[in-house]
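Following: one structure in structure tokens, then a few remarks.
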Amino acid sequence: MDARPITTAVTAMLALHTARTPARAALIIGNDRVRWRALSGEVERIAAHIAGRTPEGAGVALHLPNGPALALLFLAVARAGREAQVLDPAWPAVLTRKTLAALRPAMLVTTEARLAARRNAVLVPDRLPFARVAAALGAPAGYEAAPPPRGDLPFYVGFTSGSTGTPKGYRRDHRSWVESFRGDAVEFGIGPRDVVLAPGALTHSLFLYALVHALHAGATAVLARRFRPTAIPALVRRHGASVLYGVPTQLRLILDAAARERPLKTVRWVLSSGAKWFADALPGLRRLFPAARFAEFYGASELSFVTVAKDGEPVPPGSVGRAFSGVKLSIRDRAGRQLPRGRAGRVFVESPLVFMGYAVGGEDDLYRAGDALSVGDRGFLDTHGFLYLVGREKRMIVTSGKNVFPEEIERALETHPAIAAAAVLGLPDARRGERLLALVSLRRTARVRRAQLVAHLRRTLPLSKVPRAYAVVAPWPRTSSGKSDFAALARAWAAGKCEPLT
């Protein structure tokens with residue numbers, strides 16, 4: 001275990017950057033252009049107010065739309081030594097109530113009147129500009145600064161995308177993100193000269209991380225109230241964005257929307273997480289961002305960054321890259337014994353980036369081997385340390401006595417020129433145990449027959465892994481992280497909302 005003292009918080013660098021460049025832009029959201037001096041002052045003011053209303057380490061639930069209020073309050077809650085519980089306003093009301101009952105926050109900030117009757121709830125107007133957030137909370141102009149938070153305190157509860165069921169709430173301490181920032185500095189060197197564009201919702205941890213890391217590094221962070229692919233090129237040009245975060249589905253939409261755009265030459269890094277790249281989109285993205293290097297992360301909410309695949313490194317085809325800075329990988333069998341290179345097993349991660357535990361939900365899908373942690377992903381390491389994923393154990397399908405990982409079939413289907421996305425499900429079958437069903441999303445104007453997909457799969461897969469049944473789903477359901485929503489796809493099939501391919 002790391003024996004170094006835990007003293008650093010995610011907001012610790014705000015004062016330093018304010019002292020160095022008080023008049024430079026720190027945060028831009030729409031028409032709100034916030035200088036470092038104003039950002040630091042408002043964070044301190046609101047943090048003092050929150051610290052006066054709640055005990056150290058307590059939870060503050062943020063049920064807010066994307067915008068200045070959510071960004072500012074997240075920073076202030078962390079600065080106060082409290083835990084920001086970031087709820088998704090798009091959730092059904094019953095899920096919101098259930099989650100709040102499980103979290104029992106000491107304070108709730110929301111724009112919805114139906115939640116205002118809860119104990120310690122603060123109702124604020126929708127679309128608050130930055131300058132009015134503190135007053136809306138009732139934070140006085142005069143205050144005594146809150147003491148600096150300890151790095152071992154929890155500061156964030158985020159939620160999984162819930163692709164296979166109810167979202168789980170994962171808890172993080174300050175140190176896990178501060179250690180991630182150190183790794184990011186090694187991998188990408190983001191600093192005060194950068195402008196980081198994070199156009200997705202802050203309820204998605206990738207974009208929330210992009211915001212906090214940009215400010216930690218002294219860069220300017222540019223956010224959007226909502227993701228609009230047609231607006232991204234204009235944001236890049238207006239602010240001279242040098243780093244762009246996105247999930248693959250967003251990057252494809254940006255590419256489609258920018259078909260007639262001139263190249264965006266200020267971007268030096270395009271960073272993606274949440275799902276695999278669409279390989280066919282990369283040439284177009286390289287034309288749109290000619291000066292950029294591309295990198296994708298493999299990770300999990302519980303593990304943070306696990307591997308990185310970067311331009312300029314010899315990443316083999318099919319690999320998700322090598323260990324992220326500060327991360328140690330091992331492959332183990334079900335008994336926790338380490339397996340040799342080339343052998344597939346559970347992927348275990350040992351790093352200071354992993355989460356503290358679940359705030360909502362259980363640990364049914366977690367596996368531990370000493371200090372190493374696995375979320376049930378299976379894969380293998382090659383002789384050079386590059387990781388290849390086979391699939392996730394909880395998605396494994398047993399058909400005719402054989403273990404089949406649907407991810408392998410999905411990747412093969414998505415290499416067909418007509419297929420935009422694929423999901424393979426297991427259906428009950430009296431003779432086989434389960435039979436394979438392939439649900440697909442077709443590219444615009446594309447047509448395909450069942451026999452063509454069977455022939456395509458047979459080129460690379462054994463017959464036992466080739467589905468017999470195929471159907472088209474439109475529109476294709478995705479989670480907030482850009483992954484296929486397997487629970488929604490299963491419901492669509494059960495409800496007869498899929499068009500069988502013949």
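To be explicit about the labels: the chains of the structure tokens are called A, B, and onward in the order shown, and within each one the residues are counted from 1, while ligands get numbers from 1 in the order they are shown.
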Next item on the list: Looking only at helix (DSSP H, G or I) from DSSP on the backbone, list the matching residues of segment 77-220 of chain A as number ranges by chain.
Entry: A: 77-79, 93-103, 113-115, 130-137, 174-188, 205-217
Using N, CA and C atoms, can you write the selected residues to a file as a short mmCIF file (atom, residue, chain, number, x, y, z; two decimals), in the first residue's frame?
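Contents of the output file again.cif:
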```cif
data_model
loop_
_atom_site.label_atom_id
_atom_site.label_comp_id
_atom_site.auth_asym_id
_atom_site.auth_seq_id
_atom_site.Cartn_x
_atom_site.Cartn_y
_atom_site.Cartn_z
N VAL A 77 -18.43 22.04 -3.22
CA VAL A 77 -18.67 20.92 -2.31
C VAL A 77 -17.35 20.20 -2.02
N ALA A 78 -16.56 19.96 -3.07
CA ALA A 78 -15.26 19.32 -2.87
C ALA A 78 -14.35 20.18 -2.00
N ARG A 79 -14.34 21.49 -2.26
CA ARG A 79 -13.50 22.40 -1.47
C ARG A 79 -13.93 22.41 0.00
N ALA A 93 -38.63 9.88 -11.86
CA ALA A 93 -38.81 10.39 -10.50
C ALA A 93 -38.64 9.30 -9.46
N VAL A 94 -39.11 8.10 -9.76
CA VAL A 94 -39.03 7.02 -8.77
C VAL A 94 -37.57 6.63 -8.51
N LEU A 95 -36.71 6.67 -9.55
CA LEU A 95 -35.30 6.34 -9.37
C LEU A 95 -34.60 7.43 -8.55
N THR A 96 -34.95 8.69 -8.81
CA THR A 96 -34.37 9.79 -8.04
C THR A 96 -34.72 9.66 -6.56
N ARG A 97 -35.99 9.38 -6.26
CA ARG A 97 -36.41 9.24 -4.86
C ARG A 97 -35.71 8.05 -4.20
N LYS A 98 -35.62 6.95 -4.91
CA LYS A 98 -34.96 5.76 -4.36
C LYS A 98 -33.48 6.04 -4.07
N THR A 99 -32.82 6.74 -4.97
CA THR A 99 -31.40 7.04 -4.79
C THR A 99 -31.18 8.00 -3.62
N LEU A 100 -32.01 9.01 -3.51
CA LEU A 100 -31.89 9.95 -2.40
C LEU A 100 -32.14 9.25 -1.06
N ALA A 101 -33.08 8.31 -1.04
CA ALA A 101 -33.34 7.56 0.20
C ALA A 101 -32.14 6.73 0.60
N ALA A 102 -31.42 6.20 -0.38
CA ALA A 102 -30.23 5.39 -0.08
C ALA A 102 -29.05 6.26 0.33
N LEU A 103 -28.89 7.44 -0.30
CA LEU A 103 -27.74 8.31 -0.02
C LEU A 103 -27.92 9.11 1.27
N ALA A 113 -39.28 21.65 -8.22
CA ALA A 113 -40.12 21.98 -7.06
C ALA A 113 -40.60 20.73 -6.33
N ARG A 114 -40.76 19.61 -7.05
CA ARG A 114 -41.27 18.40 -6.41
C ARG A 114 -40.31 17.85 -5.37
N LEU A 115 -39.04 18.24 -5.44
CA LEU A 115 -38.05 17.77 -4.47
C LEU A 115 -37.78 18.80 -3.36
N PHE A 130 -23.49 32.12 -13.66
CA PHE A 130 -22.45 31.91 -12.66
C PHE A 130 -22.54 32.91 -11.51
N ALA A 131 -22.76 34.18 -11.83
CA ALA A 131 -22.70 35.24 -10.82
C ALA A 131 -23.85 35.18 -9.82
N ARG A 132 -24.90 34.41 -10.09
CA ARG A 132 -26.06 34.39 -9.20
C ARG A 132 -26.16 33.11 -8.38
N VAL A 133 -25.23 32.20 -8.54
CA VAL A 133 -25.34 30.91 -7.87
C VAL A 133 -25.24 31.07 -6.35
N ALA A 134 -24.24 31.79 -5.88
CA ALA A 134 -24.03 31.93 -4.44
C ALA A 134 -25.24 32.58 -3.77
N ALA A 135 -25.79 33.63 -4.37
CA ALA A 135 -26.95 34.29 -3.80
C ALA A 135 -28.16 33.37 -3.78
N ALA A 136 -28.33 32.56 -4.83
CA ALA A 136 -29.46 31.63 -4.87
C ALA A 136 -29.40 30.61 -3.74
N LEU A 137 -28.19 30.29 -3.29
CA LEU A 137 -28.02 29.36 -2.18
C LEU A 137 -28.15 30.04 -0.83
N HIS A 174 -10.51 12.20 -2.73
CA HIS A 174 -9.72 13.19 -3.47
C HIS A 174 -8.48 12.56 -4.10
N ARG A 175 -7.80 11.71 -3.32
CA ARG A 175 -6.51 11.22 -3.79
C ARG A 175 -6.63 10.44 -5.10
N SER A 176 -7.72 9.70 -5.28
CA SER A 176 -7.84 8.89 -6.50
C SER A 176 -7.79 9.76 -7.75
N TRP A 177 -8.43 10.95 -7.69
CA TRP A 177 -8.38 11.83 -8.86
C TRP A 177 -7.06 12.60 -8.93
N VAL A 178 -6.51 12.99 -7.79
CA VAL A 178 -5.22 13.68 -7.82
C VAL A 178 -4.15 12.78 -8.42
N GLU A 179 -4.18 11.49 -8.08
CA GLU A 179 -3.24 10.54 -8.69
C GLU A 179 -3.51 10.39 -10.19
N SER A 180 -4.78 10.44 -10.59
CA SER A 180 -5.10 10.43 -12.02
C SER A 180 -4.53 11.65 -12.72
N PHE A 181 -4.61 12.81 -12.06
CA PHE A 181 -4.05 14.03 -12.64
C PHE A 181 -2.55 13.87 -12.89
N ARG A 182 -1.86 13.22 -11.94
CA ARG A 182 -0.42 13.00 -12.11
C ARG A 182 -0.16 12.11 -13.33
N GLY A 183 -0.95 11.06 -13.47
CA GLY A 183 -0.81 10.20 -14.64
C GLY A 183 -1.11 10.93 -15.93
N ASP A 184 -2.14 11.77 -15.91
CA ASP A 184 -2.49 12.56 -17.08
C ASP A 184 -1.34 13.49 -17.48
N ALA A 185 -0.67 14.06 -16.49
CA ALA A 185 0.46 14.95 -16.79
C ALA A 185 1.55 14.20 -17.54
N VAL A 186 1.78 12.94 -17.17
CA VAL A 186 2.78 12.11 -17.84
C VAL A 186 2.33 11.77 -19.25
N GLU A 187 1.06 11.40 -19.40
CA GLU A 187 0.57 10.91 -20.69
C GLU A 187 0.32 12.02 -21.70
N PHE A 188 -0.22 13.17 -21.25
CA PHE A 188 -0.70 14.17 -22.20
C PHE A 188 -0.15 15.57 -21.98
N SER A 205 -18.93 10.93 -15.83
CA SER A 205 -17.69 11.20 -15.11
C SER A 205 -16.55 11.64 -16.03
N LEU A 206 -16.56 11.24 -17.31
CA LEU A 206 -15.49 11.65 -18.22
C LEU A 206 -15.43 13.17 -18.32
N PHE A 207 -16.59 13.82 -18.48
CA PHE A 207 -16.61 15.27 -18.68
C PHE A 207 -16.44 16.02 -17.36
N LEU A 208 -16.94 15.45 -16.28
CA LEU A 208 -16.69 16.05 -14.97
C LEU A 208 -15.19 15.99 -14.65
N TYR A 209 -14.59 14.85 -14.94
CA TYR A 209 -13.14 14.72 -14.74
C TYR A 209 -12.38 15.71 -15.61
N ALA A 210 -12.81 15.87 -16.87
CA ALA A 210 -12.14 16.80 -17.78
C ALA A 210 -12.17 18.22 -17.23
N LEU A 211 -13.31 18.62 -16.66
CA LEU A 211 -13.43 19.94 -16.05
C LEU A 211 -12.46 20.11 -14.89
N VAL A 212 -12.50 19.18 -13.94
CA VAL A 212 -11.70 19.34 -12.73
C VAL A 212 -10.21 19.21 -13.03
N HIS A 213 -9.86 18.29 -13.94
CA HIS A 213 -8.46 18.16 -14.30
C HIS A 213 -7.94 19.40 -15.02
N ALA A 214 -8.75 19.97 -15.92
CA ALA A 214 -8.33 21.18 -16.63
C ALA A 214 -8.01 22.30 -15.62
N LEU A 215 -8.88 22.49 -14.64
CA LEU A 215 -8.66 23.54 -13.65
C LEU A 215 -7.46 23.22 -12.76
N HIS A 216 -7.29 21.95 -12.40
CA HIS A 216 -6.13 21.55 -11.61
C HIS A 216 -4.83 21.87 -12.36
N ALA A 217 -4.85 21.68 -13.69
CA ALA A 217 -3.66 21.92 -14.50
C ALA A 217 -3.48 23.38 -14.88
#
```
Contact table segment 22-122 of chain A vs segment 151-158 of chain A, cut-off 6 Å, shortest pair per residue, only C-alpha atoms, as JSON lines:
```
{"residue": "A:Ala78", "atom": "CA", "partner": "A:Phe155", "partner_atom": "CA", "distance": 5.2}
{"residue": "A:Arg82", "atom": "CA", "partner": "A:Phe155", "partner_atom": "CA", "distance": 5.7}
{"residue": "A:Glu83", "atom": "CA", "partner": "A:Phe155", "partner_atom": "CA", "distance": 3.9}
{"residue": "A:Ala84", "atom": "CA", "partner": "A:Tyr156", "partner_atom": "CA", "distance": 4.8}
{"residue": "A:Gln85", "atom": "CA", "partner": "A:Val157", "partner_atom": "CA", "distance": 4.6}
{"residue": "A:Val86", "atom": "CA", "partner": "A:Gly158", "partner_atom": "CA", "distance": 5.8}
```
Create the file for the chosen residues now, containing N, CA and C atoms and written as a compact mmCIF listing (two decimals), in the first residue's frame.
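Written output follows (again29.txt):
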```
# COMPACT_ATOMS: atom_id res chain seq x y z
N ALA A 78 -16.56 19.96 -3.07
CA ALA A 78 -15.26 19.32 -2.87
C ALA A 78 -14.35 20.18 -2.00
N ARG A 82 -16.82 18.07 1.59
CA ARG A 82 -18.06 17.30 1.53
C ARG A 82 -18.07 16.46 0.26
N GLU A 83 -19.08 15.64 0.14
CA GLU A 83 -19.18 14.68 -0.96
C GLU A 83 -20.28 15.13 -1.92
N ALA A 84 -19.91 15.46 -3.16
CA ALA A 84 -20.88 15.86 -4.18
C ALA A 84 -21.49 14.62 -4.80
N GLN A 85 -22.80 14.46 -4.60
CA GLN A 85 -23.53 13.32 -5.14
C GLN A 85 -24.28 13.81 -6.38
N VAL A 86 -23.75 13.47 -7.56
CA VAL A 86 -24.22 14.07 -8.81
C VAL A 86 -25.31 13.18 -9.42
```
Next item on the list: Tell me, as a PyMOL selection string, which residues lie within 8 Å of segment 327-342 of chain A, counting only C-alpha atoms; anything in the same chain fewer than 6 positions away does not count.
Entry: chain A and resi 306+348-352+368-369+379-383
Next item on the list: Would you kindly return, as a PyMOL selection string, each protein, DNA or RNA residue with an atom no farther than 6 Å from any atom of segment 387-403 of chain A, considering only C-alpha atoms and excluding same-chain residues fewer than 4 positions away?
Entry: chain A and resi 319-321+376-381+407+426+432-435
Could you write those residues out with C-alpha atoms, as a PDB file, in the first residue's frame?
```
ATOM      1  CA  SER A 319      -5.579  -4.255 -28.135  1.00  0.00           C
ATOM      2  CA  VAL A 320      -6.998  -1.605 -25.772  1.00  0.00           C
ATOM      3  CA  GLY A 321      -3.464  -0.389 -25.065  1.00  0.00           C
ATOM      4  CA  GLY A 376     -15.213  -9.126 -14.122  1.00  0.00           C
ATOM      5  CA  ASP A 377     -13.710  -8.159 -17.462  1.00  0.00           C
ATOM      6  CA  ARG A 378     -11.781 -10.999 -19.080  1.00  0.00           C
ATOM      7  CA  GLY A 379      -8.694 -10.564 -21.224  1.00  0.00           C
ATOM      8  CA  PHE A 380      -5.019 -11.343 -21.678  1.00  0.00           C
ATOM      9  CA  LEU A 381      -1.678  -9.541 -21.839  1.00  0.00           C
ATOM     10  CA  GLU A 407     -18.330  -8.809 -27.383  1.00  0.00           C
ATOM     11  CA  GLY A 426     -28.772 -14.933 -25.260  1.00  0.00           C
ATOM     12  CA  ARG A 432     -29.109 -25.397 -26.372  1.00  0.00           C
ATOM     13  CA  GLY A 433     -29.644 -23.687 -23.017  1.00  0.00           C
ATOM     14  CA  GLU A 434     -29.344 -20.332 -24.789  1.00  0.00           C
ATOM     15  CA  ARG A 435     -29.347 -19.357 -28.440  1.00  0.00           C
TER      16      ARG A 435
END
```
Next item on the list: Determine, counting only C-alpha atoms, which protein, DNA and RNA residues have an atom within 10 Å of an atom of Val267 of chain A; residues of the same chain fewer than 3 positions away are not included. Present the result as number ranges by chain.
Entry: A: 194-197, 236-237, 240-244, 263-264, 270, 288-293
Could you dump the residues just selected with C-alpha atoms as a PDB file, in the first residue's frame?
```
ATOM      1  CA  ASP A 194      -4.370  24.523 -23.046  1.00  0.00           C
ATOM      2  CA  VAL A 195      -8.070  25.085 -23.647  1.00  0.00           C
ATOM      3  CA  VAL A 196      -9.975  21.916 -22.765  1.00  0.00           C
ATOM      4  CA  LEU A 197     -13.354  21.417 -24.453  1.00  0.00           C
ATOM      5  CA  VAL A 236     -13.219  24.950 -31.111  1.00  0.00           C
ATOM      6  CA  ARG A 237     -12.596  27.952 -33.350  1.00  0.00           C
ATOM      7  CA  GLY A 240      -8.923  27.883 -29.704  1.00  0.00           C
ATOM      8  CA  ALA A 241      -9.567  24.527 -28.060  1.00  0.00           C
ATOM      9  CA  SER A 242      -6.443  22.368 -27.884  1.00  0.00           C
ATOM     10  CA  VAL A 243      -7.902  19.300 -26.113  1.00  0.00           C
ATOM     11  CA  LEU A 244     -11.251  17.691 -26.962  1.00  0.00           C
ATOM     12  CA  PRO A 263      -9.853  21.601 -40.620  1.00  0.00           C
ATOM     13  CA  LEU A 264      -9.692  22.477 -36.921  1.00  0.00           C
ATOM     14  CA  VAL A 270      -8.652  14.067 -28.946  1.00  0.00           C
ATOM     15  CA  LEU A 288     -10.989  17.296 -39.314  1.00  0.00           C
ATOM     16  CA  PHE A 289      -8.281  17.515 -36.631  1.00  0.00           C
ATOM     17  CA  PRO A 290      -5.062  17.345 -38.684  1.00  0.00           C
ATOM     18  CA  ALA A 291      -2.717  18.424 -35.859  1.00  0.00           C
ATOM     19  CA  ALA A 292      -4.245  16.141 -33.220  1.00  0.00           C
ATOM     20  CA  ARG A 293      -3.079  12.938 -31.663  1.00  0.00           C
TER      21      ARG A 293
END
```
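Residue nearest Phe355 of chain A within the list A:Leu123, A:Leu64, A:Ser484, A:Ala300: A:Ala300 [criterion: smallest interatomic distance, only C-alpha atoms].
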Next item on the list: Return the single residue from A:Asp126, A:Pro229, A:Thr445, A:Asn66 that is closest to Thr249 of chain A, with distances computed using only C-alpha atoms.
Entry: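 Result for the nearest residue to Thr249 of chain A: A:Pro229.
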Check: Which residues come within 8 Å of Gly67 of chain A, counting only C-alpha atoms, excluding same-chain residues fewer than 4 positions away, as a PyMOL selection string?
Finding: chain A and resi 29+71+127-128+223-225
Those residues you just picked out, can you put them in a file as a compact mmCIF listing (two decimals), in the first residue's frame with C-alpha atoms?
```
# COMPACT_ATOMS: atom_id res chain seq x y z
CA ILE A 29 -20.02 28.00 -20.38
CA ALA A 71 -19.89 23.07 -12.26
CA ARG A 127 -30.27 28.09 -16.02
CA LEU A 128 -28.62 30.13 -13.27
CA LEU A 223 -18.31 23.35 -21.25
CA ALA A 224 -21.67 23.24 -23.02
CA ARG A 225 -25.15 23.29 -21.51
```
Check: What gap, in Å, lies between atom CA of Ala51 of chain A and atom CA of Ala80 of chain A?
Finding: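 Spanning atom CA of Ala51 of chain A to atom CA of Ala80 of chain A is a straight-line distance of 5.5 Å.
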Note to self: Under the rule that only C-alpha atoms are counted, which of A:Arg45, A:Arg286, A:Arg459, A:Arg172 is the nearest residue to Leu75 of chain A?
What the structure shows: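 Ranking A:Arg45, A:Arg286, A:Arg459, A:Arg172 by distance to Leu75 of chain A, first place goes to A:Arg45.
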Checklist line | Sel. of strand (DSSP E or B) residues, segment 157-220 of chain A, as a VMD selection string | finding: chain A and resid 157 to 159 169 to 173 195 to 198 220
Just the selected residues (C-alpha atoms), exported as a short mmCIF file (atom, residue, chain, number, x, y, z; two decimals), in the first residue's frame, please.
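That gives us result_20.cif:
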```
data_model
loop_
_atom_site.label_atom_id
_atom_site.label_comp_id
_atom_site.auth_asym_id
_atom_site.auth_seq_id
_atom_site.Cartn_x
_atom_site.Cartn_y
_atom_site.Cartn_z
CA VAL A 157 -20.45 9.94 -5.86
CA GLY A 158 -21.05 9.25 -9.54
CA PHE A 159 -23.29 6.69 -11.15
CA GLY A 169 -23.30 4.81 -7.13
CA TYR A 170 -19.52 4.68 -6.79
CA ARG A 171 -17.62 6.75 -4.23
CA ARG A 172 -14.23 8.41 -4.73
CA ASP A 173 -11.79 10.19 -2.46
CA VAL A 195 -8.07 25.09 -23.65
CA VAL A 196 -9.97 21.92 -22.77
CA LEU A 197 -13.35 21.42 -24.45
CA ALA A 198 -15.63 18.96 -22.60
CA THR A 220 -9.18 26.96 -19.45
#
```
Item checked: Contact residues around Asp364 of chain A with only C-alpha atoms at 10 Å, ignoring same-chain residues under 3 positions, as a PyMOL selection string -> chain A and resi 361+367+375-376
